[in-house]
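K.L.:
Attaching a single structure in structure tokens format; questions to follow.
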Amino acid sequence: MHGLNAPDLIIKVPVGTIAYVKDGGEMVRKIDFRTQGQRVKVARGGKGGRGNVHFATATYKAPRDFQPGEKGEQFDIHLDMYLPLDVGIVGMPNSGKSALLSAISGARPQVAEYDFTTREPVLGAVDDGKGKIIWAEMPAIIESSSSGKGLGCRFLKHLSRAHVLVFLLDATSPHLAADLACLRREIENFNPDLAALKYLVAVNKIDLADSHEEVDRLASRLASDGIQVLPVSAAKGTGLKELVESVHKMVTEDVLSQPLEPEIIFRPRPVDRRD
């Protein structure tokens, strides 16, 4: 007998999963599963033993001697799921996030005239004629969301996958600048890295606003920083084509500016072969 190799143990995870591999409580590596079919060897099996055939001699043809195989590596693995999105829509309650996503994609989120209609992220594929990009509507952000108030804080981690954020404001609000500052503050308080993401501002319900002075003031204020402010109406379709084109251009630029991820090479720990 030569002995059999144990079959590989393959753990299938969704695209967007991050695996944290720990050894004795210390993280030894982080694996980001971003593409379909990506395979990474996490732990190596032990060196195989020797079956009785290796102990046979001319006079001892059926020995019962054998050498057992060695134990393989063992690690604790923590799996964390992140939604595979390109664009995150962030806004306050009733800013029209669901209506916007529904208008530009095939997604059908629940739309209603009350706060916190969206209770979990909703994904929609938006086609600009050059390709499809995944937009995601986040549950509403309110003051102190980053510290646990409301629903948005539960899902803000998914924004770390985004290339671009769209801050959606309500044109009927008399305090657009303060609303934007609140959203930006909550995002930064939750994770400072999110505040570094590229973003633009879309002001929804422009068809319901009595005046556009607040929108113009905000646009003038942000223009010096190169931030676009686009008036739109999800209900009427106003400005949506320009919004999609602008966002998708930003996503493409961000993707091209990022360095290629290095190939993951598995380098197992050396095994002491001494008896």
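We name chains A, B, ... following the order of the structure tokens; residues begin at 1 in each chain, and ligands are numbered from 1 as shown.
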Extract, using only C-alpha atoms, all DNA, RNA and protein residues at most 9 Å from region 202-206 of chain A, discarding same-chain residues fewer than 2 positions from it, and format them as a ChimeraX atom specification.

P.N.:
/A:95-97,100,166-172,176,200,208-212,215,228-236,238,243

K.L.:
Quick one: residues within 7 Å of Asp128 (chain A), only C-alpha atoms, excluding same-chain residues fewer than 4 positions away - as a PyMOL selection string?

P.N.:
chain A and resi 132+244-245

K.L.:
Got a sec to tell me which of region 47-233 of chain A DSSP assigns to strand (DSSP E or B), as JSON, numbers by chain?

P.N.:
{"A": [50, 67, 76, 77, 78, 79, 80, 81, 87, 88, 89, 90, 91, 122, 123, 124, 125, 126, 127, 132, 133, 134, 135, 136, 137, 164, 165, 166, 167, 168, 169, 170, 198, 199, 200, 201, 202, 203, 204, 229, 230, 231, 233]}

K.L.:
Between CA of Val247 (chain A) and CA of Trp135 (chain A), what is the distance in Å, rounded to a tenth?

P.N.:
10.0 Å

K.L.:
Give me the residues near Ile133 (chain A) as a list in words, where near means some atom within 9 Å (using only C-alpha atoms) and where sequence neighbours in that chain fewer than 4 positions away do not count.

P.N.:
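Non-adjacent residues within range: Leu85, Asp86, Val87, Gly124, Ala125, Val126, Asp127, Asp128, His248 and Val251 of chain A.
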
K.L.:
Okay, now the selection with N, CA and C atoms, as a PDB file, in the first residue's frame?

P.N.:
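part_30.pdb was written with the following content:
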```pdb
ATOM      1  N   LEU A  85     -19.552  46.634  -5.128  1.00  0.00           N
ATOM      2  CA  LEU A  85     -20.174  47.816  -5.726  1.00  0.00           C
ATOM      3  C   LEU A  85     -19.107  48.768  -6.245  1.00  0.00           C
ATOM      4  N   ASP A  86     -19.518  49.616  -7.171  1.00  0.00           N
ATOM      5  CA  ASP A  86     -18.625  50.632  -7.731  1.00  0.00           C
ATOM      6  C   ASP A  86     -18.978  52.030  -7.250  1.00  0.00           C
ATOM      7  N   VAL A  87     -20.287  52.264  -7.046  1.00  0.00           N
ATOM      8  CA  VAL A  87     -20.779  53.592  -6.677  1.00  0.00           C
ATOM      9  C   VAL A  87     -21.710  53.450  -5.480  1.00  0.00           C
ATOM     10  N   GLY A 124     -27.946  47.958  -8.011  1.00  0.00           N
ATOM     11  CA  GLY A 124     -28.517  48.097  -9.345  1.00  0.00           C
ATOM     12  C   GLY A 124     -27.410  48.251 -10.373  1.00  0.00           C
ATOM     13  N   ALA A 125     -27.531  47.556 -11.504  1.00  0.00           N
ATOM     14  CA  ALA A 125     -26.542  47.667 -12.582  1.00  0.00           C
ATOM     15  C   ALA A 125     -26.966  48.793 -13.519  1.00  0.00           C
ATOM     16  N   VAL A 126     -26.086  49.759 -13.703  1.00  0.00           N
ATOM     17  CA  VAL A 126     -26.376  50.922 -14.541  1.00  0.00           C
ATOM     18  C   VAL A 126     -25.507  50.854 -15.792  1.00  0.00           C
ATOM     19  N   ASP A 127     -26.142  50.876 -16.962  1.00  0.00           N
ATOM     20  CA  ASP A 127     -25.444  50.776 -18.247  1.00  0.00           C
ATOM     21  C   ASP A 127     -25.407  52.154 -18.896  1.00  0.00           C
ATOM     22  N   ASP A 128     -24.192  52.666 -19.125  1.00  0.00           N
ATOM     23  CA  ASP A 128     -24.054  53.986 -19.749  1.00  0.00           C
ATOM     24  C   ASP A 128     -23.763  53.875 -21.242  1.00  0.00           C
ATOM     25  N   HIS A 248     -19.670  57.614 -14.033  1.00  0.00           N
ATOM     26  CA  HIS A 248     -18.966  56.510 -14.672  1.00  0.00           C
ATOM     27  C   HIS A 248     -17.590  56.944 -15.173  1.00  0.00           C
ATOM     28  N   VAL A 251     -15.437  56.780 -12.101  1.00  0.00           N
ATOM     29  CA  VAL A 251     -15.126  55.396 -11.748  1.00  0.00           C
ATOM     30  C   VAL A 251     -14.003  54.859 -12.640  1.00  0.00           C
TER      31      VAL A 251
END
```

K.L.:
CA of Leu165 (chain A) to CA of Ile31 (chain A): how many Å, to one decimal?

P.N.:
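Going from CA of Leu165 (chain A) over to CA of Ile31 (chain A), I get 24.6 Å.
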
K.L.:
Hey, which of A:Gly129, A:Arg39, A:Pro139, A:Ala103 ends up closest to Gly237 (chain A)? Count only C-alpha atoms.

P.N.:
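Checking each of A:Gly129, A:Arg39, A:Pro139, A:Ala103 against Gly237 (chain A), counting only C-alpha atoms, the winner is A:Ala103.
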
K.L.:
Find the residues near Val15 (chain A): any atom within 10 Å, counting only C-alpha atoms, skip ones fewer than 6 places away on the same chain, and give them as a ChimeraX atom specification.

P.N.:
/A:32-38,81-84

K.L.:
Write out as a list in words each polymer residue whose atoms come within 12 Å of region 5-7 of chain A, counting only C-alpha atoms; drop sequence neighbours fewer than 3 positions from it.

P.N.:
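The neighbour list is His2, Ile10, Arg44, Gly45, Gly46, Lys47, Gly48, Gly49, Arg50, Gly51, Pro68, Gly69, Glu70, Lys71 and Gly72 of chain A.
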
K.L.:
Using only N, CA and C atoms, please write the residues we just selected to a file, as an mmCIF file, in the first residue's frame.

P.N.:
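That gives us selection-v2.cif:
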```
data_model
loop_
_atom_site.group_PDB
_atom_site.id
_atom_site.type_symbol
_atom_site.label_atom_id
_atom_site.label_comp_id
_atom_site.auth_asym_id
_atom_site.auth_seq_id
_atom_site.Cartn_x
_atom_site.Cartn_y
_atom_site.Cartn_z
ATOM 1 N N HIS A 2 0.488 2.201 -0.794
ATOM 2 C CA HIS A 2 1.242 3.459 -0.850
ATOM 3 C C HIS A 2 0.622 4.531 0.045
ATOM 4 N N ILE A 10 -12.154 22.589 -0.054
ATOM 5 C CA ILE A 10 -12.373 23.850 -0.759
ATOM 6 C C ILE A 10 -13.571 24.558 -0.138
ATOM 7 N N ARG A 44 -1.552 24.370 4.112
ATOM 8 C CA ARG A 44 -0.938 23.258 3.406
ATOM 9 C C ARG A 44 -1.147 21.962 4.191
ATOM 10 N N GLY A 45 -1.442 20.901 3.472
ATOM 11 C CA GLY A 45 -1.562 19.604 4.119
ATOM 12 C C GLY A 45 -0.201 19.087 4.556
ATOM 13 N N GLY A 46 -0.197 18.147 5.477
ATOM 14 C CA GLY A 46 1.052 17.608 5.986
ATOM 15 C C GLY A 46 1.752 16.721 4.964
ATOM 16 N N LYS A 47 3.050 16.543 5.175
ATOM 17 C CA LYS A 47 3.820 15.669 4.292
ATOM 18 C C LYS A 47 3.308 14.242 4.443
ATOM 19 N N GLY A 48 3.132 13.571 3.320
ATOM 20 C CA GLY A 48 2.619 12.212 3.360
ATOM 21 C C GLY A 48 3.602 11.223 3.963
ATOM 22 N N GLY A 49 3.071 10.174 4.548
ATOM 23 C CA GLY A 49 3.921 9.123 5.104
ATOM 24 C C GLY A 49 4.350 8.126 4.038
ATOM 25 N N ARG A 50 4.839 6.966 4.489
ATOM 26 C CA ARG A 50 5.253 5.910 3.563
ATOM 27 C C ARG A 50 4.479 4.643 3.889
ATOM 28 N N GLY A 51 3.899 4.054 2.837
ATOM 29 C CA GLY A 51 3.170 2.811 3.025
ATOM 30 C C GLY A 51 4.101 1.621 3.172
ATOM 31 N N PRO A 68 3.427 6.996 9.356
ATOM 32 C CA PRO A 68 2.246 7.866 9.239
ATOM 33 C C PRO A 68 2.604 9.234 8.676
ATOM 34 N N GLY A 69 1.631 9.862 8.057
ATOM 35 C CA GLY A 69 1.857 11.208 7.533
ATOM 36 C C GLY A 69 1.890 12.249 8.639
ATOM 37 N N GLU A 70 2.410 13.420 8.285
ATOM 38 C CA GLU A 70 2.493 14.514 9.251
ATOM 39 C C GLU A 70 1.198 15.320 9.263
ATOM 40 N N LYS A 71 0.988 16.033 10.335
ATOM 41 C CA LYS A 71 -0.190 16.890 10.425
ATOM 42 C C LYS A 71 -0.020 18.101 9.516
ATOM 43 N N GLY A 72 -1.126 18.565 8.985
ATOM 44 C CA GLY A 72 -1.084 19.758 8.144
ATOM 45 C C GLY A 72 -1.173 21.034 8.975
#
```

K.L.:
Run DSSP on the backbone and give me the residues of region 105-248 of chain A it puts in helix (DSSP H, G or I), as a count of residues only.

P.N.:
55

K.L.:
Rounded to one decimal in Å, what is the spacing between CA of Ala19 (chain A) and CA of Asp254 (chain A)?

P.N.:
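Interatomic distance, CA of Ala19 (chain A) to CA of Asp254 (chain A): 24.5 Å.
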
K.L.:
Pick the closest to Lys130 (chain A) from A:Ala196, A:Asp225, A:Thr252, A:Leu183: which is it, counting only C-alpha atoms?

P.N.:
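Of A:Ala196, A:Asp225, A:Thr252, A:Leu183, the one nearest Lys130 (chain A), counting only C-alpha atoms, is A:Thr252.
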
K.L.:
Just checking: using only C-alpha atoms, which residue out of A:Leu79, A:Leu256, A:Leu197, A:Phe190 ends up closest to Pro14 (chain A)?

P.N.:
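Distance minimum relative to Pro14 (chain A) lands on A:Leu79.
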